[in-house]
Structures are given as structure tokens and as C-alpha cells.
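> Below is the file run_36.cif, which contains mmCIF, C-alpha atoms.
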data_final
loop_
_atom_site.label_atom_id
_atom_site.label_comp_id
_atom_site.auth_asym_id
_atom_site.auth_seq_id
_atom_site.Cartn_x
_atom_site.Cartn_y
_atom_site.Cartn_z
CA MET B 758 0.00 0.00 0.00
CA ARG B 759 1.12 3.57 -0.66
CA PRO B 760 -0.43 7.00 -0.05
CA SER B 761 -2.09 8.69 -3.02
CA GLU B 762 -1.86 12.33 -3.91
CA ASN B 763 -3.48 14.90 -1.62
CA CYS B 764 -7.20 15.34 -2.14
CA GLY B 765 -7.55 19.03 -1.31
CA ASP B 766 -7.06 18.76 2.44
CA PRO B 767 -3.40 18.01 3.27
CA ARG B 768 -4.47 16.17 6.42
CA VAL B 769 -6.44 13.65 4.47
CA ARG B 770 -4.68 10.87 2.69
CA THR B 771 -6.18 8.12 0.66
CA TRP B 772 -4.39 4.83 0.18
CA LYS B 773 -4.07 2.86 -2.97
CA ILE B 774 -3.61 -0.89 -2.69
CA MET B 775 -0.74 -2.28 -4.69
CA VAL B 776 -1.72 -5.70 -5.94
CA LEU B 777 1.25 -7.98 -6.37
CA PRO B 778 1.21 -10.32 -9.32
CA SER B 779 0.01 -13.79 -8.36
CA LEU B 780 2.63 -16.48 -8.27
CA GLY B 781 1.91 -19.25 -10.69
CA GLN B 782 2.88 -22.88 -10.57
CA PRO B 783 6.55 -23.69 -9.87
CA ASP B 784 8.81 -24.06 -12.84
CA VAL B 785 9.85 -27.56 -11.73
CA PRO B 786 7.02 -30.14 -11.82
CA LEU B 787 6.03 -31.73 -8.54
CA GLU B 788 7.02 -35.22 -9.66
CA ASP B 789 10.50 -34.01 -10.52
CA GLN B 790 10.78 -32.33 -7.12
CA TRP B 791 9.79 -35.57 -5.41
CA GLU B 792 12.26 -37.58 -7.46
CA LEU B 793 15.01 -35.10 -6.62
CA PHE B 794 14.15 -35.29 -2.93
CA THR B 795 14.11 -39.09 -2.78
CA THR B 796 17.36 -39.31 -4.76
CA LEU B 797 19.01 -36.90 -2.34
CA CYS B 798 17.78 -38.97 0.62
CA HIS B 799 19.21 -42.15 -0.91
CA ILE B 800 22.57 -40.47 -1.46
CA LEU B 801 22.68 -39.18 2.12
CA HIS B 802 21.82 -42.66 3.37
CA GLU B 803 24.50 -44.32 1.27
CA GLN B 804 27.09 -41.83 2.53
CA LYS B 805 25.85 -42.36 6.12
CA ARG B 806 25.18 -38.66 6.62
CA PHE B 807 22.26 -39.46 8.87
CA GLU B 808 22.10 -36.11 10.65
CA GLU B 809 21.64 -34.28 7.36
CA LEU B 810 19.17 -36.95 6.25
CA GLU B 811 17.07 -36.36 9.35
CA ARG B 812 17.15 -32.60 8.83
CA MET B 813 16.19 -32.99 5.18
CA THR B 814 13.21 -35.26 5.85
CA PHE B 815 11.85 -33.05 8.63
CA SER B 816 12.20 -29.99 6.41
CA ALA B 817 10.27 -31.74 3.67
CA LEU B 818 7.38 -32.30 6.10
CA GLY B 819 6.72 -28.56 5.88
CA SER B 820 6.12 -28.74 2.14
CA LYS B 821 2.44 -28.20 1.39
CA GLU B 822 2.88 -29.61 -2.09
CA PHE B 823 4.23 -32.91 -0.78
CA MET B 824 1.73 -33.23 2.06
CA ARG B 825 -1.38 -32.77 -0.08
CA ASP B 826 -1.18 -36.34 -1.32
CA LYS B 827 -2.04 -38.76 1.51
CA GLU B 828 0.11 -41.59 0.18
CA ARG B 829 3.06 -39.29 -0.27
CA ALA B 830 2.50 -37.83 3.20
CA ARG B 831 2.58 -41.34 4.71
CA GLU B 832 5.80 -42.08 2.85
CA MET B 833 7.29 -38.81 4.08
CA GLU B 834 6.40 -39.67 7.66
CA PHE B 835 7.99 -43.10 7.34
CA MET B 836 11.14 -41.60 5.82
CA CYS B 837 11.38 -39.27 8.82
CA LEU B 838 11.05 -42.26 11.11
CA LEU B 839 13.83 -44.15 9.35
CA ALA B 840 16.07 -41.08 9.41
CA CYS B 841 15.55 -40.75 13.17
CA ILE B 842 16.33 -44.43 13.71
CA TYR B 843 19.51 -44.25 11.65
CA ASN B 844 20.59 -41.08 13.47
CA ASP B 845 19.78 -42.60 16.90
CA SER B 846 17.26 -39.83 17.58
CA SER B 847 15.06 -42.00 19.75
CA TYR B 848 13.15 -39.05 21.17
CA PHE B 849 11.75 -37.94 17.79
CA ALA B 850 11.46 -41.49 16.49
CA TYR B 851 9.26 -42.42 19.45
CA ASN B 852 6.96 -39.46 18.83
CA ILE B 853 6.43 -40.53 15.23
CA MET B 854 6.12 -44.22 16.04
CA ARG B 855 3.58 -43.62 18.78
CA GLU B 856 1.18 -42.05 16.29
CA LEU B 857 1.71 -44.89 13.84
CA VAL B 858 0.95 -47.48 16.53
CA ILE B 859 -2.24 -45.66 17.51
CA LYS B 860 -3.37 -45.61 13.88
CA ASN B 861 -2.32 -49.22 13.17
CA PRO B 862 -2.65 -51.23 16.41
CA GLU B 863 -2.97 -54.54 14.55
CA SER B 864 0.26 -54.17 12.57
CA ASN B 865 3.10 -56.35 13.86
CA ARG B 866 5.59 -54.28 11.88
CA CYS B 867 4.63 -51.18 13.84
CA TRP B 868 5.11 -53.03 17.12
CA ASN B 869 8.49 -54.36 16.00
CA LEU B 870 9.65 -50.86 15.10
CA LEU B 871 8.35 -49.50 18.40
CA ASN B 872 10.23 -52.23 20.26
CA LEU B 873 13.40 -51.33 18.34
CA ILE B 874 13.04 -47.66 19.28
CA ILE B 875 12.26 -48.44 22.92
CA SER B 876 15.38 -50.60 23.21
CA LYS B 877 17.52 -47.61 22.13
CA ALA B 878 15.69 -44.92 24.11
CA ASP B 879 17.03 -43.44 27.33
CA ASP B 880 13.66 -42.51 28.83
CA PHE B 881 10.63 -44.46 29.99
CA ARG B 882 7.81 -42.51 28.37
CA HIS B 883 6.59 -45.65 26.68
CA ASN B 884 5.56 -47.32 29.95
CA ARG B 885 2.55 -45.11 30.57
CA PHE B 886 1.66 -45.05 26.89
CA LEU B 887 1.55 -48.85 26.72
CA LEU B 888 -0.48 -49.10 29.92
CA ARG B 889 -3.03 -46.59 28.62
CA LEU B 890 -3.21 -48.44 25.33
CA THR B 891 -3.91 -51.70 27.16
CA HIS B 892 -7.31 -50.41 28.27
CA LYS B 893 -8.28 -49.76 24.63
CA HIS B 894 -6.80 -52.97 23.19
CA PRO B 895 -6.66 -55.62 25.94
CA ASP B 896 -6.41 -58.50 23.45
CA LEU B 897 -3.30 -57.40 21.57
CA VAL B 898 -0.56 -60.00 21.93
CA ALA B 899 2.27 -57.63 21.00
CA LEU B 900 1.08 -55.07 23.54
CA GLY B 901 0.92 -57.69 26.29
CA LEU B 902 4.42 -58.87 25.45
CA LEU B 903 5.83 -55.35 25.66
CA ASN B 904 4.15 -54.76 29.00
CA GLY B 905 5.58 -58.04 30.23
CA HIS B 906 9.05 -57.04 29.03
CA ASN B 907 8.80 -53.71 30.86
CA CYS B 908 7.84 -55.45 34.09
CA LEU B 909 10.63 -58.01 33.64
CA VAL B 910 13.25 -55.30 33.14
CA ALA B 911 11.93 -53.42 36.17
CA GLY B 912 12.29 -56.55 38.32
CA THR B 913 8.57 -56.93 39.05
CA TYR B 914 8.49 -60.57 38.04
CA LYS B 915 4.99 -61.33 39.30
CA TYR B 916 3.48 -58.61 37.11
CA SER B 917 5.46 -59.79 34.09
CA LEU B 918 4.33 -63.35 34.82
CA ALA B 919 0.71 -62.18 34.80
CA GLU B 920 1.18 -60.41 31.46
CA TYR B 921 2.91 -63.37 29.82
CA THR B 922 0.32 -65.81 31.14
CA GLN B 923 -2.52 -63.72 29.74
CA VAL B 924 -0.78 -63.52 26.37
CA PHE B 925 -0.06 -67.26 26.36
CA LYS B 926 -3.79 -67.95 26.77
CA GLN B 927 -4.48 -65.89 23.64
CA ASP B 928 -1.66 -67.23 21.46
CA LYS B 929 -0.26 -70.69 22.20
CA SER B 930 1.60 -70.99 18.90
CA ASN B 931 4.23 -68.31 19.52
CA PRO B 932 7.45 -69.84 20.92
CA ILE B 933 8.70 -66.58 22.42
CA ILE B 934 5.89 -66.58 25.01
CA PRO B 935 6.87 -69.87 26.77
CA LEU B 936 10.49 -68.73 26.50
CA MET B 937 9.70 -65.54 28.41
CA LEU B 938 7.62 -67.47 30.93
CA GLY B 939 10.53 -69.84 31.51
CA LEU B 940 12.95 -66.93 31.92
CA THR B 941 10.61 -65.21 34.37
CA PHE B 942 10.40 -68.33 36.54
CA THR B 943 14.19 -68.64 36.27
CA HIS B 944 14.68 -65.11 37.58
CA MET B 945 12.21 -65.74 40.38
CA ALA B 946 14.04 -68.93 41.37
CA CYS B 947 17.34 -67.02 41.50
CA GLN B 948 16.00 -64.44 43.93
CA LYS B 949 17.50 -64.63 47.39
CA PHE B 950 14.29 -64.61 49.42
CA SER B 951 11.96 -66.48 47.06
CA GLY B 952 10.19 -69.49 48.52
CA LYS B 953 9.57 -72.88 46.92
CA LYS B 954 12.60 -72.64 44.67
CA HIS B 955 12.26 -76.24 43.52
CA SER B 956 8.74 -75.57 42.27
CA LEU B 957 9.92 -72.45 40.45
CA VAL B 958 12.77 -74.35 38.79
CA VAL B 959 10.43 -77.14 37.67
CA GLN B 960 8.00 -74.64 36.14
CA ALA B 961 10.84 -72.77 34.45
CA LEU B 962 12.20 -75.93 32.84
CA ALA B 963 8.70 -77.01 31.81
CA PHE B 964 8.09 -73.78 29.90
CA LEU B 965 11.59 -73.86 28.42
CA ASN B 966 11.03 -77.39 27.14
CA THR B 967 7.73 -76.24 25.66
CA TYR B 968 9.64 -73.48 23.92
CA VAL B 969 12.14 -76.00 22.50
CA GLU B 970 9.31 -78.21 21.22
CA MET B 971 7.69 -75.25 19.47
CA ARG B 972 10.92 -73.73 18.17
CA GLY B 973 12.64 -76.99 17.29
CA GLU B 974 16.14 -78.15 18.19
CA CYS B 975 18.41 -75.50 16.73
CA GLN B 976 21.39 -73.49 17.87
CA GLU B 977 19.19 -70.75 19.29
CA SER B 978 16.93 -73.00 21.36
CA MET B 979 19.78 -75.15 22.68
CA TYR B 980 21.75 -72.06 23.65
CA ASN B 981 18.79 -70.54 25.50
CA LEU B 982 18.17 -73.80 27.33
CA GLY B 983 21.84 -74.08 28.27
CA ARG B 984 21.94 -70.45 29.37
CA ALA B 985 18.95 -70.98 31.66
CA HIS B 986 20.63 -74.00 33.30
CA HIS B 987 23.81 -71.95 33.57
CA GLN B 988 21.96 -69.22 35.45
CA LEU B 989 20.37 -71.81 37.74
CA ASN B 990 23.89 -73.16 38.41
CA LEU B 991 23.00 -76.56 36.97
CA LEU B 992 26.37 -76.73 35.27
CA PRO B 993 26.43 -80.34 33.95
CA GLN B 994 23.12 -79.76 32.18
CA ALA B 995 24.34 -76.38 30.92
CA VAL B 996 27.46 -77.97 29.41
CA HIS B 997 25.31 -80.65 27.78
CA TYR B 998 23.03 -78.16 26.04
CA TYR B 999 25.91 -75.86 25.12
CA LYS B 1000 27.61 -78.75 23.35
CA LEU B 1001 24.38 -79.60 21.54
CA ALA B 1002 24.16 -75.97 20.45
CA LEU B 1003 27.70 -76.11 19.05
CA GLU B 1004 26.75 -79.14 16.97
CA CYS B 1005 23.80 -77.29 15.42
CA PRO B 1006 24.53 -75.26 12.28
CA PRO B 1007 24.11 -71.48 12.50
CA VAL B 1008 21.38 -69.62 10.69
CA GLU B 1009 22.81 -68.52 7.38
CA GLU B 1010 22.18 -65.10 5.89
CA THR B 1011 18.90 -64.82 4.01
CA PRO B 1012 17.04 -61.96 2.30
CA ASP B 1013 14.87 -61.76 5.42
CA GLY B 1014 17.70 -61.40 7.93
CA PRO B 1015 21.43 -61.51 8.63
CA ARG B 1016 23.53 -64.51 9.59
CA LEU B 1017 23.03 -65.62 13.18
CA ASP B 1018 25.88 -67.57 14.75
CA LEU B 1019 26.07 -68.04 18.53
CA SER B 1020 29.27 -70.12 18.50
CA ARG B 1021 31.35 -67.42 20.17
CA GLU B 1022 28.82 -66.88 22.96
CA ILE B 1023 28.57 -70.63 23.53
CA ALA B 1024 32.34 -71.08 23.62
CA PHE B 1025 32.72 -68.17 26.02
CA ASN B 1026 30.12 -69.57 28.44
CA LEU B 1027 31.73 -73.01 28.29
CA ALA B 1028 35.10 -71.43 29.06
CA LEU B 1029 33.59 -69.71 32.11
CA ILE B 1030 32.22 -73.01 33.39
CA TYR B 1031 35.53 -74.83 32.87
CA GLN B 1032 37.46 -72.02 34.56
CA TRP B 1033 35.12 -72.13 37.53
CA LYS B 1034 35.46 -75.92 37.81
CA SER B 1035 39.24 -75.66 37.57
CA LYS B 1036 39.31 -73.04 40.30
CA CYS B 1037 37.09 -75.15 42.55
CA SER B 1038 39.30 -78.22 42.06
CA GLN B 1039 42.40 -76.17 42.90
CA ASP B 1040 40.74 -74.87 46.07
CA VAL B 1041 39.82 -78.40 47.13
CA HIS B 1042 43.35 -79.60 46.44
CA SER B 1043 44.90 -76.75 48.45
CA ARG B 1044 42.55 -77.39 51.36
CA SER B 1045 43.42 -81.09 51.38
CA GLU B 1046 47.11 -80.22 51.50
CA ILE B 1047 46.53 -77.89 54.44
CA VAL B 1048 44.59 -80.56 56.32
CA SER B 1049 47.24 -83.18 55.66
#
Just give me the structure as C-alpha cells.

Amino acid sequence: MRPSENCGDPRVRTWKIMVLPSLGQPDVPLEDQWELFTTLCHILHEQKRFEELERMTFSALGSKEFMRDKERAREMEFMCLLACIYNDSSYFAYNIMRELVIKNPESNRCWNLLNLIISKADDFRHNRFLLRLTHKHPDLVALGLLNGHNCLVAGTYKYSLAEYTQVFKQDKSNPIIPLMLGLTFTHMACQKFSGKKHSLVVQALAFLNTYVEMRGECQESMYNLGRAHHQLNLLPQAVHYYKLALECPPVEETPDGPRLDLSREIAFNLALIYQWKSKCSQDVHSRSEIVS
């Protein structure tokens, strides 16, 4: 706007509105802009410049042109999530993933991504969120498992046992559930002031054997069974299952996942057992010499 010429009275001014020319469509088509953006993101990912990748994806969220298309907006949101995961920005990744879980509570992929983010996060905001979500979706197996994991990590084994038991009633075909039940009973049996330790050990081994039957005899299941006996200080049984695990072939690399080989972990645990036995035998020998 600018003042016009005086209209007789110098105290009176009229204003003329200057109309700016309307901006037309951008010179670069939207599809070319999107292709340029995705290509740039791929290059940043290949060069492992994750901080710049995160900044780029979040900046693109402010583009009205990109966000008008719902499918493209969903892809943009997922690209932001991946950028945060690669850059270890668990705080922002959790905020994005929480909304995705609320929108897609039945998606196992969303729960797997949320579990990945939670395992890297330094805070415990997810505890209250998962508990609130339980009231809306009490029959979700993944949600019950995560609540059980949180209780197990916090050391409240009875609450985790209740969560795992409820989940096991809903899904008896998932081998991870009897595994977690067996581990929970194992931790309870290892507590200093827990009563009926023999009963706890029997229940732990029963669930672990159920896990082996469902999972099959492989390196993973034999290692987990040996590790449980190792924690219970049942060393002969632990050595037996560790040796069985060494005889099992590792899981080779596939398009669905990387190579999984537990041979080093098994050998290390066996070495610890043998060192402990050697030390005990030396102590017994030294005591016998002192007595004699």
C-alpha cells in the first residue's frame, strides 16, 4: 500500500492498494521435485550422513505440495522415522512411532519398530503409553508382550508373569511366550528370598522345554536352554546343552535377515564353566594339602 496524492485537504490521505502479481505454478514439476528429494535422501543414506538426512526429511514435512497427497504424506512420515532411527534420535522417532501405533494397532511391523526404538531410548515414556493403550486394546498379543518385558526389566516378576500368562492364553503358537515365561520363573528362582525354589525351577524348565518343542532343536533354542541352566547353576546340564548348540549349524544369511551364529557366545560360556570348575578343584586340592 502507498499514499495517493493529496485530495484538497493536506491532512487527508487516501491509500491505494498495490496488488502484487500472483505467483503461478513452480517451474519444476512436482514429480521431478519428489524424485530429486528421494534421490538426495538415498545419497545421504549411502554416505551415512544421517544427521543431514534427518534434517532434510523433517524440512520436507513442511512442504504443502508434498503433504497434499495422503500416500506421499505417509511415505514422508515413514522416511522421517527411518532417518531418526539411523541417526539414533530415539526421542523424535518415538513421537512418530507412537502415532503410527495408535493408527495401526494390529500391525506387527509397527510393534516391531516401536520395540526397536524403545530398546535404544534413554527414557521411559513408553511405559505409561503402553499401559493406557492396554485399556483400549486388551487382546493385543504384542502389547501384552511389551508390558511383560517392561515389568521383567523393572524386576517386578509377578506382574510380568501375569502379562505373559494372559498372552499365552491368547496365542499358544508363539514360541517366544513360553520362553519368556521360563525366563521369568528362572529369575524368580534365582532371587534370594523367594520361597519354593524347587517348584519355580520345575515350572521354568517345563516352559523352556515347551519353547524347545515349538521352536525346534536349533542353535538358538539349545543355547537358550543351556543359558537358563547356567543361570540356575545346573552346570552339567548347561554344558550338555551348550555342546548340543555347538553341533547345530548357525542360521545362514537370508534376504529376510542376517547370519546368526552363537558359536562365540557358547564357547565363552563353556570357558567360564571350565574355569570355575578348575578353580574349585584347585581350592579343594589346596585345602586337602593344608589338612594333611
> By how many Å are CA of His955 (chain B) and CA of Tyr916 (chain B) apart?
20.7 Å
> Would you work out the distance separating CA of Leu918 (chain B) from CA of Lys953 (chain B), expressed in Å to one decimal?
16.3 Å
> What would the selection look like, as JSON, numbers by chain, if the PyMOL selection byres ((chain B and resi 835-846) around 9) were run on the coordinates I just shared?
{"B": [798, 802, 805, 806, 807, 808, 810, 811, 812, 813, 814, 815, 818, 830, 831, 832, 833, 834, 847, 848, 849, 850, 851, 853, 854, 873, 874, 877, 878]}
> Which neighbours of region 1008-1023 of chain B fall inside 7 Å, counting all atoms listed in the file, when residues of the same chain fewer than 3 positions from it are skipped, and could you give them as a ChimeraX atom specification?
/B:980,999,1003,1026-1027
> What's the 12 Å shell around Val924 (chain B), counting only C-alpha atoms, without same-chain residues fewer than 2 positions away, as a CSV table (one decimal) with C-alpha atoms, in the coordinates of the input?

chain,number,residue,atom,x,y,z
B,895,PRO,CA,-6.7,-55.6,25.9
B,896,ASP,CA,-6.4,-58.5,23.4
B,897,LEU,CA,-3.3,-57.4,21.6
B,898,VAL,CA,-0.6,-60.0,21.9
B,899,ALA,CA,2.3,-57.6,21.0
B,900,LEU,CA,1.1,-55.1,23.5
B,901,GLY,CA,0.9,-57.7,26.3
B,902,LEU,CA,4.4,-58.9,25.4
B,903,LEU,CA,5.8,-55.4,25.7
B,904,ASN,CA,4.2,-54.8,29.0
B,905,GLY,CA,5.6,-58.0,30.2
B,917,SER,CA,5.5,-59.8,34.1
B,918,LEU,CA,4.3,-63.4,34.8
B,919,ALA,CA,0.7,-62.2,34.8
B,920,GLU,CA,1.2,-60.4,31.5
B,921,TYR,CA,2.9,-63.4,29.8
B,922,THR,CA,0.3,-65.8,31.1
B,926,LYS,CA,-3.8,-68.0,26.8
B,927,GLN,CA,-4.5,-65.9,23.6
B,928,ASP,CA,-1.7,-67.2,21.5
B,929,LYS,CA,-0.3,-70.7,22.2
B,930,SER,CA,1.6,-71.0,18.9
B,931,ASN,CA,4.2,-68.3,19.5
B,932,PRO,CA,7.4,-69.8,20.9
B,933,ILE,CA,8.7,-66.6,22.4
B,934,ILE,CA,5.9,-66.6,25.0
B,935,PRO,CA,6.9,-69.9,26.8
B,937,MET,CA,9.7,-65.5,28.4
B,938,LEU,CA,7.6,-67.5,30.9
